[in-house]
Amino acid sequence: MSDFAGKTMVLLGNEAIGRGLVEAGCQLAMSYPGTPSSEILPSFVRFARVENIDVHSEWSANEKVAFEEALAASYTGKRTTVIMKQVGMNVAADPMMSSAYTGVKGGFLIITADDPGPHSSQTEQDTRMFALFAKIPALDPASPDEARRMVPYAYELSEKYEIPVIMRPSLRVCHGRESSTLEEPTVLDRPANFVKDTHRWAATPRYRLKLHQQLNEKLARITEDFEADTTFNFVDNADAKSSFAIIAAGMPYATIRDILKEHGAFERVPILKIGTAFPYPKKTIEGFASKYDKVLVVEEPDAVIELQLSMRNRVMGRHDGTVPDAGELTGEVLTDVLSKVLTDAGVIDEPWAISKDLREVVNDLEIPVRPASLCPGCPHRSSFYTIRKLFGKKGIYTSDIGCYTLGLNLDAVDTCLDMGAAISMATGFYHAYNHDKGDIPPIVATIGDSTFYHGGLPALAGAIYSDARYILVILDNLVTAMTGMQPTLALGVQADGTLGTVLPLEDACKGLGARFVRVQDPYDQDGMRDVLKEAQEHCRGPEGRVAVIIARHGCLINDKAAARANVSPVTINDNCNGCGLCRKTFECTALVKGDPVEGKEGRFYTVIDRRVCADCGQCIPVCNRGAIQLLEN
């Protein structure tokens, strides 16, 4: 008997999902970190540990690897999960498509966290669209606790039909908090037992056709289940006398409930809440919509339910412009939408003015918009500064997904596409210029340590194979910093804190055929400049290939002991003339505007903001006038 079962806890959405995995008997969990999904795997590990349940957990090299590992384990009868953010689904798409055909044995749950907005992603894509494309059932939780309760339901569905199941919590579900009454964990006694069946697990195209037909039959039966089950699909205010109704899914459903209750209009509006996004429960949705003259469909970030509704003449939503076609459906956005629609439908007498007044109050505060910036003391800043100072405007700078994308602020990032693309695009730039048989500009690719293992390895293999010649700087801060300080493969630390095998970056690069591999501390800016020059000479030499520099210095936030061991506090002396070049070119948030320079309009002396300064001393070489110096004791 669990000591936690029956207790009520306020949980972060990702914690609730992690708890749900333990309660559902998940035995193996694989993930690649990515906001807003990053806390799910650690929460799963934590709840399994306090319940004294033996599980396997893993931060995988990338989402495709994580998916395939979890899928294989499900073939043996184990309950497994793979966890990622929505753009990670792009990486895992290949095995995902096939897994719908082959199916599974043990329950296999694909947890993909969507980022409407987007707040920390390259795209605002909708995982439910992937579900339609791949023909995999998808569940769409509207709150943290519903996400927890959906997990065991998903496993039961997966095992009933031997099919993968997607659950896609959105940003506000993942990072919201809600009270949850915990359930007794399920502990399964399922020894791994892989039963060979080559026509299924290794199906050739001939058998894939048969598997596709079987998949379609499964989906038809699942549709019937979704239409009969009111656990996650239900109607609020079914008896309301109204010619207008709402169909809502995911987090927008919870937001709409709150808005309508706040304005005293909740009980006047019938609302169909849909938690099973795919396969489309047609009888439930179409039957509801047929009762009303006008139906507003509210979902994010795309129009999945609205797309499948047949009665277009009575539907309002994204397609007719009633709901914005991009961006997160926040309370402010939905208040405006509902105010207009409910007034037009005669549900309320006049539009609400609260959301507009709130925006005016916020605007009147004149809060300055501060761009995202690398942390004070971040070693990436020194790398970017040295690269840009050496190669200047002539250089072509490809970069990648991570904290270091903010090298944009130092004019040292020209492209950023997806994980691993820094290397592939640098290769493309090189071959394009080399094709002209003329001068080739300096090309410098920057990529993080975790990102290199995620998508950079095959790109570097291709670059060396095709004889590309440019500089690759692997920004190694010894952690996956942006998503929450998860360990990288180079550290050999597992998701549960145990030690695995260390995979050094330099060995990986040499193993792929790189002849020039150097490790350099970017805090030593002179040394960094020298190794960059040496790398450029190697690239242009007769035996040159991609020159790899591993810029290694730990993240100061992750390793505070190391930060305190290298304290170099600075001050601004009287040589400062207010030119502001230190603030512009080094772009450290600890270098801020001070008093205006008398007689020189627009100039401000630079001062050190001691509240945020990391005392790293990296800004000292930036000022040619010697205005930044070490603070004397």
# chains A, B, ... in the order shown; residues from 1 in each chain; ligands from 1
>>> select_by_dssp(residues="range 375-604 of chain A", states="alpha helix (DSSP H)", output="MDAnalysis selection string")
chainID A and resid 379:391 421:434 449:451 457:465 505:511 525:540 560:565 581:586
>>> write_last_selection(atoms="C-alpha atoms", output="compact mmCIF listing (two decimals), in the first residue's frame")
# COMPACT_ATOMS: atom_id res chain seq x y z
CA PRO A 379 31.08 31.32 -21.58
CA HIS A 380 29.21 31.37 -24.90
CA ARG A 381 29.37 35.18 -24.86
CA SER A 382 33.17 35.08 -24.86
CA SER A 383 33.16 32.52 -27.69
CA PHE A 384 30.84 34.60 -29.85
CA TYR A 385 32.66 37.84 -29.06
CA THR A 386 36.04 36.37 -30.06
CA ILE A 387 34.64 34.77 -33.23
CA ARG A 388 32.95 37.98 -34.35
CA LYS A 389 35.95 40.17 -33.51
CA LEU A 390 38.30 37.91 -35.49
CA PHE A 391 36.23 37.27 -38.62
CA ALA A 421 21.49 22.33 -38.92
CA ALA A 422 24.40 24.55 -37.88
CA ILE A 423 26.77 21.91 -39.27
CA SER A 424 24.70 20.89 -42.30
CA MET A 425 24.14 24.50 -43.35
CA ALA A 426 27.80 25.39 -42.90
CA THR A 427 28.57 22.47 -45.22
CA GLY A 428 26.04 23.79 -47.72
CA PHE A 429 27.50 27.30 -47.59
CA TYR A 430 31.00 25.93 -48.11
CA HIS A 431 30.07 23.86 -51.16
CA ALA A 432 28.09 26.74 -52.68
CA TYR A 433 31.06 29.13 -52.50
CA ASN A 434 33.57 26.43 -53.42
CA ASP A 449 27.26 20.00 -26.61
CA SER A 450 23.86 18.32 -26.17
CA THR A 451 22.68 19.47 -29.59
CA LEU A 457 26.97 13.69 -35.36
CA PRO A 458 25.54 12.66 -38.75
CA ALA A 459 25.96 16.22 -40.04
CA LEU A 460 29.65 16.23 -39.13
CA ALA A 461 30.09 12.78 -40.69
CA GLY A 462 28.59 14.15 -43.90
CA ALA A 463 30.78 17.27 -43.80
CA ILE A 464 33.98 15.28 -43.41
CA TYR A 465 32.87 12.77 -46.05
CA LEU A 505 33.12 15.10 -27.49
CA GLU A 506 36.71 15.06 -28.70
CA ASP A 507 36.68 11.29 -29.14
CA ALA A 508 33.42 11.47 -31.08
CA CYS A 509 34.81 14.10 -33.45
CA LYS A 510 38.07 12.24 -34.01
CA GLY A 511 36.14 9.03 -34.57
CA GLN A 525 39.99 35.10 -25.13
CA ASP A 526 43.57 35.42 -26.43
CA GLY A 527 43.90 31.65 -26.50
CA MET A 528 40.51 31.34 -28.18
CA ARG A 529 41.56 33.81 -30.88
CA ASP A 530 44.81 31.91 -31.48
CA VAL A 531 43.08 28.55 -31.85
CA LEU A 532 40.49 30.08 -34.22
CA LYS A 533 43.34 31.38 -36.40
CA GLU A 534 45.00 27.97 -36.34
CA ALA A 535 41.70 26.33 -37.27
CA GLN A 536 41.21 28.69 -40.21
CA GLU A 537 44.70 27.90 -41.49
CA HIS A 538 43.93 24.19 -41.23
CA CYS A 539 40.71 24.63 -43.23
CA ARG A 540 42.55 26.42 -46.02
CA LYS A 560 28.22 27.71 -8.80
CA ALA A 561 31.32 26.35 -7.06
CA ALA A 562 33.35 26.77 -10.25
CA ALA A 563 31.96 30.27 -10.69
CA ARG A 564 33.07 31.30 -7.21
CA ALA A 565 36.52 29.82 -7.79
CA LEU A 581 30.60 49.95 -27.50
CA CYS A 582 31.10 47.61 -24.54
CA ARG A 583 27.35 47.38 -24.04
CA LYS A 584 26.70 46.85 -27.74
CA THR A 585 29.50 44.50 -28.74
CA PHE A 586 29.72 42.38 -25.57
>>> residues_around(residues="range 139-145 of chain A", least_positions_apart="5", cutoff="8 Å", atoms="only C-alpha atoms", output="ChimeraX atom specification")
/A:11-14,16-17,150,154,165-169,173-174,176-180,249-254,274-278
>>> write_last_selection(atoms="C-alpha atoms", output="PDB file, in the first residue's frame")
ATOM      1  CA  LEU A  11       1.298  19.478  -8.676  1.00  0.00           C
ATOM      2  CA  LEU A  12       2.850  21.135 -11.672  1.00  0.00           C
ATOM      3  CA  GLY A  13       1.277  19.699 -14.804  1.00  0.00           C
ATOM      4  CA  ASN A  14       4.468  17.867 -15.739  1.00  0.00           C
ATOM      5  CA  ALA A  16       1.094  15.282 -12.481  1.00  0.00           C
ATOM      6  CA  ILE A  17       1.965  13.484 -15.727  1.00  0.00           C
ATOM      7  CA  MET A 150      -5.515  10.364 -18.914  1.00  0.00           C
ATOM      8  CA  ALA A 154      -4.064   5.873 -22.568  1.00  0.00           C
ATOM      9  CA  VAL A 165      -1.309   6.458 -28.161  1.00  0.00           C
ATOM     10  CA  ILE A 166      -0.369  10.142 -28.156  1.00  0.00           C
ATOM     11  CA  MET A 167      -1.102  12.467 -25.265  1.00  0.00           C
ATOM     12  CA  ARG A 168      -0.320  16.088 -25.998  1.00  0.00           C
ATOM     13  CA  PRO A 169      -0.393  18.451 -23.018  1.00  0.00           C
ATOM     14  CA  VAL A 173      -1.182  22.291 -18.867  1.00  0.00           C
ATOM     15  CA  CYS A 174       2.500  21.413 -18.456  1.00  0.00           C
ATOM     16  CA  GLY A 176       0.048  25.094 -14.630  1.00  0.00           C
ATOM     17  CA  ARG A 177      -0.633  23.826 -11.129  1.00  0.00           C
ATOM     18  CA  GLU A 178      -3.665  21.965  -9.798  1.00  0.00           C
ATOM     19  CA  SER A 179      -4.655  19.849  -6.820  1.00  0.00           C
ATOM     20  CA  SER A 180      -4.463  16.130  -7.488  1.00  0.00           C
ATOM     21  CA  ALA A 249     -10.548  21.226 -26.511  1.00  0.00           C
ATOM     22  CA  GLY A 250      -7.446  21.262 -24.366  1.00  0.00           C
ATOM     23  CA  MET A 251      -6.433  24.255 -22.294  1.00  0.00           C
ATOM     24  CA  PRO A 252      -8.829  26.667 -24.103  1.00  0.00           C
ATOM     25  CA  TYR A 253     -11.715  24.708 -22.575  1.00  0.00           C
ATOM     26  CA  ALA A 254     -10.517  25.475 -19.051  1.00  0.00           C
ATOM     27  CA  ILE A 274     -13.421  17.152 -26.350  1.00  0.00           C
ATOM     28  CA  GLY A 275     -10.495  15.290 -24.812  1.00  0.00           C
ATOM     29  CA  THR A 276     -10.067  12.668 -27.563  1.00  0.00           C
ATOM     30  CA  ALA A 277      -8.712  14.622 -30.512  1.00  0.00           C
ATOM     31  CA  PHE A 278      -8.241  11.654 -32.859  1.00  0.00           C
TER      32      PHE A 278
END
>>> closest_residue(among="A:Leu329, A:Ala289, A:Leu499, A:Met97", to="Leu215 in chain A", atoms="only C-alpha atoms")
A:Met97
>>> closest_residue(among="A:Ile550, A:Val104, A:Met89, A:Cys555", to="Thr123 in chain A", atoms="only C-alpha atoms")
A:Met89
>>> closest_residue(among="A:Phe4, A:Thr102, A:Phe244, A:Thr230", to="Ala203 in chain A", atoms="only C-alpha atoms")
A:Thr102
>>> closest_residue(among="A:Ile447, A:Phe226, A:Ser120, A:Lys105", to="Asp197 in chain A", atoms="only C-alpha atoms")
A:Lys105
>>> residues_around(residues="Thr80 in chain A", least_positions_apart="2", cutoff="8 Å", atoms="only C-alpha atoms", output="count of residues only")
14
>>> residues_around(residues="range 624-626 of chain A", least_positions_apart="6", cutoff="10 Å", atoms="only C-alpha atoms", output="PyMOL selection string")
chain A and resi 572-577+581-582
>>> write_last_selection(atoms="C-alpha atoms", output="mmCIF file, in the first residue's frame")
data_model
loop_
_atom_site.group_PDB
_atom_site.id
_atom_site.type_symbol
_atom_site.label_atom_id
_atom_site.label_comp_id
_atom_site.auth_asym_id
_atom_site.auth_seq_id
_atom_site.Cartn_x
_atom_site.Cartn_y
_atom_site.Cartn_z
ATOM 1 C CA ILE A 572 34.638 51.226 -14.656
ATOM 2 C CA ASN A 573 37.350 53.889 -14.370
ATOM 3 C CA ASP A 574 37.542 57.476 -15.603
ATOM 4 C CA ASN A 575 38.672 56.406 -19.090
ATOM 5 C CA CYS A 576 35.040 55.673 -19.986
ATOM 6 C CA ASN A 577 33.817 58.228 -22.539
ATOM 7 C CA LEU A 581 30.605 49.949 -27.499
ATOM 8 C CA CYS A 582 31.104 47.614 -24.541
#
>>> atom_distance(atom1="CA of Asn558 in chain A", atom2="CA of Met482 in chain A")
10.8 Å
>>> decode(residues="range 581-624 of chain A", atoms="N, CA and C atoms", output="PDB file, in the first residue's frame")
ATOM      1  N   LEU A 581      30.226  51.115 -26.699  1.00  0.00           N
ATOM      2  CA  LEU A 581      30.605  49.949 -27.499  1.00  0.00           C
ATOM      3  C   LEU A 581      30.671  48.679 -26.665  1.00  0.00           C
ATOM      4  N   CYS A 582      31.042  48.805 -25.398  1.00  0.00           N
ATOM      5  CA  CYS A 582      31.104  47.614 -24.541  1.00  0.00           C
ATOM      6  C   CYS A 582      29.720  47.010 -24.371  1.00  0.00           C
ATOM      7  N   ARG A 583      28.712  47.875 -24.203  1.00  0.00           N
ATOM      8  CA  ARG A 583      27.346  47.383 -24.036  1.00  0.00           C
ATOM      9  C   ARG A 583      26.829  46.761 -25.328  1.00  0.00           C
ATOM     10  N   LYS A 584      27.205  47.329 -26.458  1.00  0.00           N
ATOM     11  CA  LYS A 584      26.699  46.851 -27.740  1.00  0.00           C
ATOM     12  C   LYS A 584      27.416  45.590 -28.201  1.00  0.00           C
ATOM     13  N   THR A 585      28.750  45.605 -28.148  1.00  0.00           N
ATOM     14  CA  THR A 585      29.498  44.497 -28.742  1.00  0.00           C
ATOM     15  C   THR A 585      29.605  43.285 -27.830  1.00  0.00           C
ATOM     16  N   PHE A 586      29.618  43.521 -26.485  1.00  0.00           N
ATOM     17  CA  PHE A 586      29.718  42.380 -25.566  1.00  0.00           C
ATOM     18  C   PHE A 586      28.352  41.968 -25.039  1.00  0.00           C
ATOM     19  N   GLU A 587      27.402  42.896 -25.034  1.00  0.00           N
ATOM     20  CA  GLU A 587      25.988  42.597 -24.777  1.00  0.00           C
ATOM     21  C   GLU A 587      25.788  41.821 -23.485  1.00  0.00           C
ATOM     22  N   CYS A 588      26.440  42.291 -22.411  1.00  0.00           N
ATOM     23  CA  CYS A 588      26.232  41.672 -21.107  1.00  0.00           C
ATOM     24  C   CYS A 588      25.263  42.524 -20.313  1.00  0.00           C
ATOM     25  N   THR A 589      24.284  41.887 -19.690  1.00  0.00           N
ATOM     26  CA  THR A 589      23.262  42.632 -18.965  1.00  0.00           C
ATOM     27  C   THR A 589      23.803  43.270 -17.688  1.00  0.00           C
ATOM     28  N   ALA A 590      25.041  42.942 -17.305  1.00  0.00           N
ATOM     29  CA  ALA A 590      25.647  43.604 -16.150  1.00  0.00           C
ATOM     30  C   ALA A 590      26.293  44.933 -16.541  1.00  0.00           C
ATOM     31  N   LEU A 591      26.458  45.179 -17.844  1.00  0.00           N
ATOM     32  CA  LEU A 591      26.964  46.458 -18.338  1.00  0.00           C
ATOM     33  C   LEU A 591      25.768  47.309 -18.726  1.00  0.00           C
ATOM     34  N   VAL A 592      25.504  48.367 -17.971  1.00  0.00           N
ATOM     35  CA  VAL A 592      24.282  49.144 -18.179  1.00  0.00           C
ATOM     36  C   VAL A 592      24.597  50.634 -18.288  1.00  0.00           C
ATOM     37  N   LYS A 593      23.610  51.363 -18.799  1.00  0.00           N
ATOM     38  CA  LYS A 593      23.749  52.815 -18.912  1.00  0.00           C
ATOM     39  C   LYS A 593      23.788  53.464 -17.535  1.00  0.00           C
ATOM     40  N   GLY A 594      24.727  54.414 -17.389  1.00  0.00           N
ATOM     41  CA  GLY A 594      24.782  55.208 -16.171  1.00  0.00           C
ATOM     42  C   GLY A 594      24.342  56.630 -16.455  1.00  0.00           C
ATOM     43  N   ASP A 595      25.043  57.588 -15.916  1.00  0.00           N
ATOM     44  CA  ASP A 595      24.709  58.995 -16.119  1.00  0.00           C
ATOM     45  C   ASP A 595      25.026  59.417 -17.554  1.00  0.00           C
ATOM     46  N   PRO A 596      24.267  60.386 -18.077  1.00  0.00           N
ATOM     47  CA  PRO A 596      24.577  60.895 -19.426  1.00  0.00           C
ATOM     48  C   PRO A 596      25.901  61.652 -19.426  1.00  0.00           C
ATOM     49  N   VAL A 597      26.600  61.601 -20.561  1.00  0.00           N
ATOM     50  CA  VAL A 597      27.864  62.321 -20.722  1.00  0.00           C
ATOM     51  C   VAL A 597      27.553  63.775 -21.054  1.00  0.00           C
ATOM     52  N   GLU A 598      28.035  64.669 -20.264  1.00  0.00           N
ATOM     53  CA  GLU A 598      27.735  66.095 -20.444  1.00  0.00           C
ATOM     54  C   GLU A 598      28.278  66.586 -21.787  1.00  0.00           C
ATOM     55  N   GLY A 599      27.407  67.260 -22.529  1.00  0.00           N
ATOM     56  CA  GLY A 599      27.808  67.836 -23.807  1.00  0.00           C
ATOM     57  C   GLY A 599      27.809  66.860 -24.966  1.00  0.00           C
ATOM     58  N   LYS A 600      27.475  65.600 -24.729  1.00  0.00           N
ATOM     59  CA  LYS A 600      27.454  64.609 -25.806  1.00  0.00           C
ATOM     60  C   LYS A 600      26.110  63.882 -25.766  1.00  0.00           C
ATOM     61  N   GLU A 601      25.185  64.393 -26.562  1.00  0.00           N
ATOM     62  CA  GLU A 601      23.826  63.872 -26.546  1.00  0.00           C
ATOM     63  C   GLU A 601      23.799  62.401 -26.972  1.00  0.00           C
ATOM     64  N   GLY A 602      23.037  61.608 -26.245  1.00  0.00           N
ATOM     65  CA  GLY A 602      22.876  60.192 -26.577  1.00  0.00           C
ATOM     66  C   GLY A 602      23.957  59.297 -26.010  1.00  0.00           C
ATOM     67  N   ARG A 603      24.947  59.906 -25.323  1.00  0.00           N
ATOM     68  CA  ARG A 603      26.006  59.088 -24.738  1.00  0.00           C
ATOM     69  C   ARG A 603      25.786  58.945 -23.239  1.00  0.00           C
ATOM     70  N   PHE A 604      26.064  57.737 -22.753  1.00  0.00           N
ATOM     71  CA  PHE A 604      25.895  57.466 -21.331  1.00  0.00           C
ATOM     72  C   PHE A 604      27.107  56.681 -20.841  1.00  0.00           C
ATOM     73  N   TYR A 605      27.609  57.069 -19.685  1.00  0.00           N
ATOM     74  CA  TYR A 605      28.686  56.289 -19.087  1.00  0.00           C
ATOM     75  C   TYR A 605      28.184  54.876 -18.787  1.00  0.00           C
ATOM     76  N   THR A 606      29.103  53.918 -18.867  1.00  0.00           N
ATOM     77  CA  THR A 606      28.767  52.533 -18.524  1.00  0.00           C
ATOM     78  C   THR A 606      29.039  52.306 -17.037  1.00  0.00           C
ATOM     79  N   VAL A 607      28.129  51.599 -16.391  1.00  0.00           N
ATOM     80  CA  VAL A 607      28.314  51.212 -14.994  1.00  0.00           C
ATOM     81  C   VAL A 607      28.066  49.719 -14.860  1.00  0.00           C
ATOM     82  N   ILE A 608      28.563  49.151 -13.778  1.00  0.00           N
ATOM     83  CA  ILE A 608      28.381  47.720 -13.507  1.00  0.00           C
ATOM     84  C   ILE A 608      27.160  47.531 -12.607  1.00  0.00           C
ATOM     85  N   ASP A 609      26.231  46.695 -13.059  1.00  0.00           N
ATOM     86  CA  ASP A 609      25.069  46.348 -12.230  1.00  0.00           C
ATOM     87  C   ASP A 609      25.464  45.184 -11.327  1.00  0.00           C
ATOM     88  N   ARG A 610      25.798  45.512 -10.090  1.00  0.00           N
ATOM     89  CA  ARG A 610      26.289  44.499  -9.163  1.00  0.00           C
ATOM     90  C   ARG A 610      25.233  43.453  -8.811  1.00  0.00           C
ATOM     91  N   ARG A 611      23.975  43.745  -9.081  1.00  0.00           N
ATOM     92  CA  ARG A 611      22.924  42.785  -8.757  1.00  0.00           C
ATOM     93  C   ARG A 611      22.992  41.549  -9.640  1.00  0.00           C
ATOM     94  N   VAL A 612      23.530  41.708 -10.841  1.00  0.00           N
ATOM     95  CA  VAL A 612      23.549  40.579 -11.776  1.00  0.00           C
ATOM     96  C   VAL A 612      24.959  40.190 -12.219  1.00  0.00           C
ATOM     97  N   CYS A 613      25.953  41.038 -11.949  1.00  0.00           N
ATOM     98  CA  CYS A 613      27.309  40.758 -12.418  1.00  0.00           C
ATOM     99  C   CYS A 613      27.820  39.441 -11.839  1.00  0.00           C
ATOM    100  N   ALA A 614      28.420  38.614 -12.710  1.00  0.00           N
ATOM    101  CA  ALA A 614      28.940  37.310 -12.297  1.00  0.00           C
ATOM    102  C   ALA A 614      30.400  37.379 -11.877  1.00  0.00           C
ATOM    103  N   ASP A 615      31.015  38.570 -11.947  1.00  0.00           N
ATOM    104  CA  ASP A 615      32.430  38.746 -11.580  1.00  0.00           C
ATOM    105  C   ASP A 615      33.327  37.807 -12.378  1.00  0.00           C
ATOM    106  N   CYS A 616      33.022  37.677 -13.656  1.00  0.00           N
ATOM    107  CA  CYS A 616      33.811  36.777 -14.501  1.00  0.00           C
ATOM    108  C   CYS A 616      35.010  37.488 -15.122  1.00  0.00           C
ATOM    109  N   GLY A 617      34.964  38.807 -15.204  1.00  0.00           N
ATOM    110  CA  GLY A 617      36.069  39.577 -15.762  1.00  0.00           C
ATOM    111  C   GLY A 617      36.211  39.491 -17.264  1.00  0.00           C
ATOM    112  N   GLN A 618      35.247  38.883 -17.943  1.00  0.00           N
ATOM    113  CA  GLN A 618      35.363  38.687 -19.376  1.00  0.00           C
ATOM    114  C   GLN A 618      35.201  39.964 -20.190  1.00  0.00           C
ATOM    115  N   CYS A 619      34.672  40.998 -19.580  1.00  0.00           N
ATOM    116  CA  CYS A 619      34.455  42.251 -20.311  1.00  0.00           C
ATOM    117  C   CYS A 619      35.701  43.132 -20.341  1.00  0.00           C
ATOM    118  N   ILE A 620      36.757  42.800 -19.582  1.00  0.00           N
ATOM    119  CA  ILE A 620      37.935  43.668 -19.487  1.00  0.00           C
ATOM    120  C   ILE A 620      38.563  43.946 -20.852  1.00  0.00           C
ATOM    121  N   PRO A 621      38.784  42.942 -21.724  1.00  0.00           N
ATOM    122  CA  PRO A 621      39.436  43.237 -23.010  1.00  0.00           C
ATOM    123  C   PRO A 621      38.549  43.999 -24.003  1.00  0.00           C
ATOM    124  N   VAL A 622      37.264  44.146 -23.685  1.00  0.00           N
ATOM    125  CA  VAL A 622      36.330  44.697 -24.655  1.00  0.00           C
ATOM    126  C   VAL A 622      36.589  46.188 -24.908  1.00  0.00           C
ATOM    127  N   CYS A 623      36.976  46.916 -23.878  1.00  0.00           N
ATOM    128  CA  CYS A 623      37.167  48.366 -24.014  1.00  0.00           C
ATOM    129  C   CYS A 623      38.598  48.678 -24.441  1.00  0.00           C
ATOM    130  N   ASN A 624      38.757  49.308 -25.607  1.00  0.00           N
ATOM    131  CA  ASN A 624      40.081  49.664 -26.112  1.00  0.00           C
ATOM    132  C   ASN A 624      40.720  50.797 -25.315  1.00  0.00           C
TER     133      ASN A 624
END
